[in-house]
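Have a look at run-v5.pdb below; it lists PDB, C-alpha atoms, pLDDT in the B column.
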```pdb
ATOM      1  CA  MET A 165      36.399 -54.772-186.490  1.00 60.00           C
ATOM      2  CA  MET A 166      37.616 -55.882-189.907  1.00 60.00           C
ATOM      3  CA  GLU A 167      36.422 -59.230-191.261  1.00 66.00           C
ATOM      4  CA  GLN A 168      39.073 -61.624-192.613  1.00 61.00           C
ATOM      5  CA  PRO A 169      38.586 -63.064-196.129  1.00 59.00           C
ATOM      6  CA  HIS A 170      37.760 -66.764-196.157  1.00 61.00           C
ATOM      7  CA  ASP A 171      39.350 -67.617-199.511  1.00 62.00           C
ATOM      8  CA  LEU A 172      42.938 -67.475-198.232  1.00 57.00           C
ATOM      9  CA  THR A 173      43.026 -71.020-196.936  1.00 60.00           C
ATOM     10  CA  VAL A 174      45.536 -73.598-198.088  1.00 57.00           C
ATOM     11  CA  ASP A 175      44.979 -77.327-197.895  1.00 62.00           C
ATOM     12  CA  ALA A 176      47.811 -78.898-195.938  1.00 62.00           C
ATOM     13  CA  PRO A 177      48.806 -82.412-196.956  1.00 61.00           C
ATOM     14  CA  ARG A 178      47.763 -85.197-194.643  1.00 64.00           C
ATOM     15  CA  THR A 179      50.374 -86.340-192.171  1.00 64.00           C
ATOM     16  CA  TRP A 180      50.978 -89.675-193.879  1.00 63.00           C
ATOM     17  CA  GLU A 181      51.512 -87.969-197.266  1.00 68.00           C
ATOM     18  CA  ARG A 182      54.489 -85.935-196.049  1.00 72.00           C
ATOM     19  CA  PRO A 183      57.990 -87.124-197.007  1.00 73.00           C
ATOM     20  CA  VAL A 184      59.034 -87.461-193.350  1.00 76.00           C
ATOM     21  CA  VAL A 185      56.428 -90.239-193.027  1.00 81.00           C
ATOM     22  CA  CYS A 186      56.233 -91.516-196.591  1.00 81.00           C
ATOM     23  CA  VAL A 187      59.948 -92.169-197.198  1.00 86.00           C
ATOM     24  CA  PRO A 188      60.528 -94.355-194.098  1.00 89.00           C
ATOM     25  CA  VAL A 189      57.359 -96.319-194.927  1.00 89.00           C
ATOM     26  CA  LEU A 190      58.570 -96.930-198.499  1.00 90.00           C
ATOM     27  CA  VAL A 191      62.011 -97.954-197.188  1.00 93.00           C
ATOM     28  CA  ALA A 192      60.445-100.382-194.687  1.00 93.00           C
ATOM     29  CA  LEU A 193      58.198-101.871-197.380  1.00 92.00           C
ATOM     30  CA  SER A 194      61.165-102.278-199.729  1.00 92.00           C
ATOM     31  CA  LEU A 195      63.237-103.991-197.039  1.00 93.00           C
ATOM     32  CA  VAL A 196      60.404-106.463-196.454  1.00 93.00           C
ATOM     33  CA  GLY A 197      60.013-107.030-200.209  1.00 91.00           C
ATOM     34  CA  GLY A 198      63.756-107.585-200.596  1.00 91.00           C
ATOM     35  CA  ARG A 199      63.641-110.460-198.097  1.00 92.00           C
ATOM     36  CA  PHE A 200      61.583-112.639-200.449  1.00 91.00           C
ATOM     37  CA  PRO A 201      63.355-114.733-203.105  1.00 87.00           C
ATOM     38  CA  SER A 202      62.769-113.588-206.681  1.00 80.00           C
ATOM     39  CA  PHE A 203      59.671-115.023-208.357  1.00 78.00           C
ATOM     40  CA  SER A 204      58.585-116.891-205.231  1.00 86.00           C
ATOM     41  CA  THR A 205      54.939-117.150-204.242  1.00 92.00           C
ATOM     42  CA  GLU A 206      55.537-114.807-201.311  1.00 93.00           C
ATOM     43  CA  ALA A 207      57.202-112.226-203.562  1.00 89.00           C
ATOM     44  CA  ASN A 208      54.367-112.394-206.096  1.00 90.00           C
ATOM     45  CA  VAL A 209      51.722-111.991-203.384  1.00 94.00           C
ATOM     46  CA  TYR A 210      53.664-109.045-201.941  1.00 93.00           C
ATOM     47  CA  VAL A 211      53.970-107.392-205.378  1.00 91.00           C
ATOM     48  CA  PHE A 212      50.254-107.780-206.078  1.00 93.00           C
ATOM     49  CA  GLY A 213      49.361-106.612-202.567  1.00 93.00           C
ATOM     50  CA  ALA A 214      51.563-103.510-202.622  1.00 91.00           C
ATOM     51  CA  GLY A 215      50.632-102.689-206.203  1.00 90.00           C
ATOM     52  CA  GLY A 216      46.948-103.247-205.486  1.00 91.00           C
ATOM     53  CA  VAL A 217      46.994-100.890-202.513  1.00 91.00           C
ATOM     54  CA  LEU A 218      48.779 -98.210-204.529  1.00 88.00           C
ATOM     55  CA  ILE A 219      46.340 -98.612-207.438  1.00 89.00           C
ATOM     56  CA  TRP A 220      43.445 -98.365-204.986  1.00 90.00           C
ATOM     57  CA  LEU A 221      44.916 -95.192-203.457  1.00 86.00           C
ATOM     58  CA  GLY A 222      45.313 -93.657-206.888  1.00 84.00           C
ATOM     59  CA  LEU A 223      41.881 -94.590-208.220  1.00 86.00           C
ATOM     60  CA  THR A 224      39.937 -93.544-205.138  1.00 87.00           C
ATOM     61  CA  LYS A 225      41.693 -90.153-204.969  1.00 79.00           C
ATOM     62  CA  ARG A 226      42.523 -90.674-201.286  1.00 77.00           C
ATOM     63  CA  VAL A 227      45.875 -89.013-201.907  1.00 76.00           C
ATOM     64  CA  GLN A 228      46.104 -85.320-202.713  1.00 74.00           C
ATOM     65  CA  ALA A 229      47.196 -85.137-206.339  1.00 72.00           C
ATOM     66  CA  ARG A 230      49.865 -82.801-207.609  1.00 73.00           C
ATOM     67  CA  PRO A 231      48.986 -80.810-210.708  1.00 74.00           C
ATOM     68  CA  ALA A 232      50.088 -82.505-213.900  1.00 71.00           C
ATOM     69  CA  PRO A 233      52.311 -80.540-216.257  1.00 70.00           C
ATOM     70  CA  GLU A 234      50.366 -78.863-219.032  1.00 75.00           C
ATOM     71  CA  ARG A 235      52.883 -79.807-221.682  1.00 77.00           C
ATOM     72  CA  LEU A 236      55.933 -82.030-221.739  1.00 73.00           C
ATOM     73  CA  ARG A 237      59.230 -80.377-222.482  1.00 76.00           C
ATOM     74  CA  SER A 238      61.093 -81.226-225.663  1.00 76.00           C
ATOM     75  CA  GLY A 239      63.680 -83.154-223.627  1.00 78.00           C
ATOM     76  CA  ALA A 240      61.024 -85.684-222.613  1.00 77.00           C
ATOM     77  CA  VAL A 241      61.262 -87.296-226.050  1.00 77.00           C
ATOM     78  CA  TRP A 242      64.930 -88.072-225.461  1.00 82.00           C
ATOM     79  CA  TRP A 243      64.034 -89.742-222.162  1.00 81.00           C
ATOM     80  CA  ALA A 244      61.178 -91.697-223.751  1.00 84.00           C
ATOM     81  CA  LEU A 245      63.307 -92.971-226.632  1.00 87.00           C
ATOM     82  CA  PRO A 246      65.524 -95.334-224.549  1.00 87.00           C
ATOM     83  CA  VAL A 247      62.448 -96.606-222.707  1.00 86.00           C
ATOM     84  CA  VAL A 248      60.691 -97.440-225.978  1.00 90.00           C
ATOM     85  CA  VAL A 249      63.810 -99.101-227.416  1.00 90.00           C
ATOM     86  CA  PHE A 250      64.238-101.086-224.175  1.00 86.00           C
ATOM     87  CA  GLY A 251      60.587-102.193-224.357  1.00 88.00           C
ATOM     88  CA  ILE A 252      60.923-103.301-227.980  1.00 91.00           C
ATOM     89  CA  PHE A 253      64.093-105.320-227.326  1.00 85.00           C
ATOM     90  CA  GLU A 254      62.719-106.836-224.125  1.00 83.00           C
ATOM     91  CA  GLY A 255      59.430-107.789-225.788  1.00 85.00           C
ATOM     92  CA  ALA A 256      61.077-109.168-228.932  1.00 84.00           C
ATOM     93  CA  THR A 257      63.540-111.367-227.034  1.00 80.00           C
ATOM     94  CA  PHE A 258      60.758-112.586-224.736  1.00 78.00           C
ATOM     95  CA  VAL A 259      58.371-113.428-227.591  1.00 82.00           C
ATOM     96  CA  ALA A 260      61.126-115.030-229.658  1.00 80.00           C
ATOM     97  CA  ALA A 261      62.237-117.078-226.623  1.00 76.00           C
ATOM     98  CA  ALA A 262      65.819-116.544-227.739  1.00 70.00           C
ATOM     99  CA  GLY A 263      67.205-118.258-224.635  1.00 70.00           C
ATOM    100  CA  ASP A 264      70.859-117.822-223.774  1.00 71.00           C
ATOM    101  CA  ASP A 265      71.822-116.464-227.204  1.00 74.00           C
ATOM    102  CA  PHE A 266      69.870-113.228-226.662  1.00 74.00           C
ATOM    103  CA  PRO A 267      68.672-113.101-223.037  1.00 77.00           C
ATOM    104  CA  THR A 268      66.155-110.508-221.894  1.00 75.00           C
ATOM    105  CA  PHE A 269      67.343-107.633-219.734  1.00 76.00           C
ATOM    106  CA  SER A 270      65.312-109.098-216.899  1.00 74.00           C
ATOM    107  CA  ARG A 271      67.244-112.345-217.169  1.00 77.00           C
ATOM    108  CA  LEU A 272      70.535-110.451-217.236  1.00 80.00           C
ATOM    109  CA  ALA A 273      69.534-108.656-214.015  1.00 81.00           C
ATOM    110  CA  ASP A 274      68.755-111.898-212.161  1.00 82.00           C
ATOM    111  CA  PRO A 275      72.317-112.387-210.816  1.00 85.00           C
ATOM    112  CA  LEU A 276      72.252-108.836-209.426  1.00 86.00           C
ATOM    113  CA  LEU A 277      68.862-109.369-207.810  1.00 85.00           C
ATOM    114  CA  GLU A 278      70.072-112.424-205.880  1.00 86.00           C
ATOM    115  CA  ASP A 279      71.533-110.047-203.285  1.00 89.00           C
ATOM    116  CA  ARG A 280      68.887-108.938-200.771  1.00 90.00           C
ATOM    117  CA  LEU A 281      70.219-105.389-200.538  1.00 92.00           C
ATOM    118  CA  VAL A 282      70.123-104.883-204.317  1.00 92.00           C
ATOM    119  CA  ARG A 283      66.653-106.441-204.444  1.00 91.00           C
ATOM    120  CA  SER A 284      65.523-104.057-201.667  1.00 93.00           C
ATOM    121  CA  ALA A 285      66.959-101.100-203.600  1.00 94.00           C
ATOM    122  CA  ALA A 286      65.048-102.224-206.699  1.00 91.00           C
ATOM    123  CA  TRP A 287      61.906-102.452-204.562  1.00 91.00           C
ATOM    124  CA  LEU A 288      62.480 -98.912-203.309  1.00 93.00           C
ATOM    125  CA  VAL A 289      62.819 -97.604-206.872  1.00 93.00           C
ATOM    126  CA  TRP A 290      59.646 -99.447-207.922  1.00 90.00           C
ATOM    127  CA  LEU A 291      57.617 -98.266-204.935  1.00 91.00           C
ATOM    128  CA  SER A 292      58.860 -94.672-205.243  1.00 91.00           C
ATOM    129  CA  ALA A 293      57.997 -94.542-208.946  1.00 89.00           C
ATOM    130  CA  PHE A 294      54.576 -96.045-208.259  1.00 87.00           C
ATOM    131  CA  TRP A 295      53.978 -93.567-205.400  1.00 87.00           C
ATOM    132  CA  GLY A 296      54.886 -90.725-207.760  1.00 85.00           C
ATOM    133  CA  LEU A 297      52.295 -91.977-210.242  1.00 83.00           C
ATOM    134  CA  VAL A 298      49.684 -92.225-207.490  1.00 83.00           C
ATOM    135  CA  ARG A 299      50.361 -88.594-206.581  1.00 80.00           C
ATOM    136  CA  ARG A 300      49.678 -87.447-210.159  1.00 77.00           C
TER     137      ARG A 300
END
```
I need this file expressed as structure tokens, please.
Amino acid sequence: MMEQPHDLTVDAPRTWERPVVCVPVLVALSLVGGRFPSFSTEANVYVFGAGGVLIWLGLTKRVQARPAPERLRSGAVWWALPVVVFGIFEGATFVAAAGDDFPTFSRLADPLLEDRLVRSAAWLVWLSAFWGLVRR
């Protein structure tokens, strides 16, 4: 009788980490988050609660992490450039309190976020990005 090697095992992801479970949960959470009015107490509590749980999951390593890339590709700089420029403009207009003359991008997005469906879609993007960071 031939003995099988023991080092050929593969760790399967937990059931709740699979996309078939994770995506509907993120969609349900985003639909709940989209029901709250912007900047309300309920919305702020929900943001801190959801963010806190995701931070806790990431820090305690309860989620199987994907391997991080060893080196960023050269195209990553071109993706980082608009983000940095956006951050500088957003921060400068916020600190300067420019008001209606030069509103922040967040203030410009407020009319769009009045719609519950758009707010839920924004929640889904936020939760998905945060979940991706937790998995790293």
Checklist entry - Written as a list in words, what is the full residue list that the PyMOL selection byres ((chain A and resi 298) around 10) yields on the file shown? => result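 Selected by the PyMOL selection byres ((chain A and resi 298) around 10) here: Leu218, Ile219, Trp220, Leu221, Gly222, Leu223, Lys225, Arg226, Val227, Gln228, Ala229, Arg230, Ser292, Ala293, Phe294, Trp295, Gly296, Leu297, Arg299 and Arg300 of chain A.
With atom CA of Ser284 of chain A on one side and atom CA of Ser194 of chain A on the other, the separation reads 5.1 Å.
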Checklist entry - Can you tell me how far atom CA of Arg271 of chain A sits from atom CA of Arg283 of chain A, in Å to one decimal? => result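 About the pair atom CA of Arg271 of chain A and atom CA of Arg283 of chain A: they are 14.0 Å apart.
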Item to check | Leu195 of chain A surroundings by all atoms listed in the file, 12 Å radius, close-in-sequence under 3 positions cut, as number ranges by chain | outcome: A: 188-192, 198-200, 210, 280-289, 291
Checklist entry - Nearest to Glu254 of chain A among A:Trp242, A:Phe203, A:Phe212, A:Phe266, with distances taken over all atoms listed in the file: which residue is it? => result A:Phe266
Item to check | Separation of atom CA of Ala214 of chain A from atom CA of Pro233 of chain A, in Å and rounded to one decimal | outcome: 26.7 Å
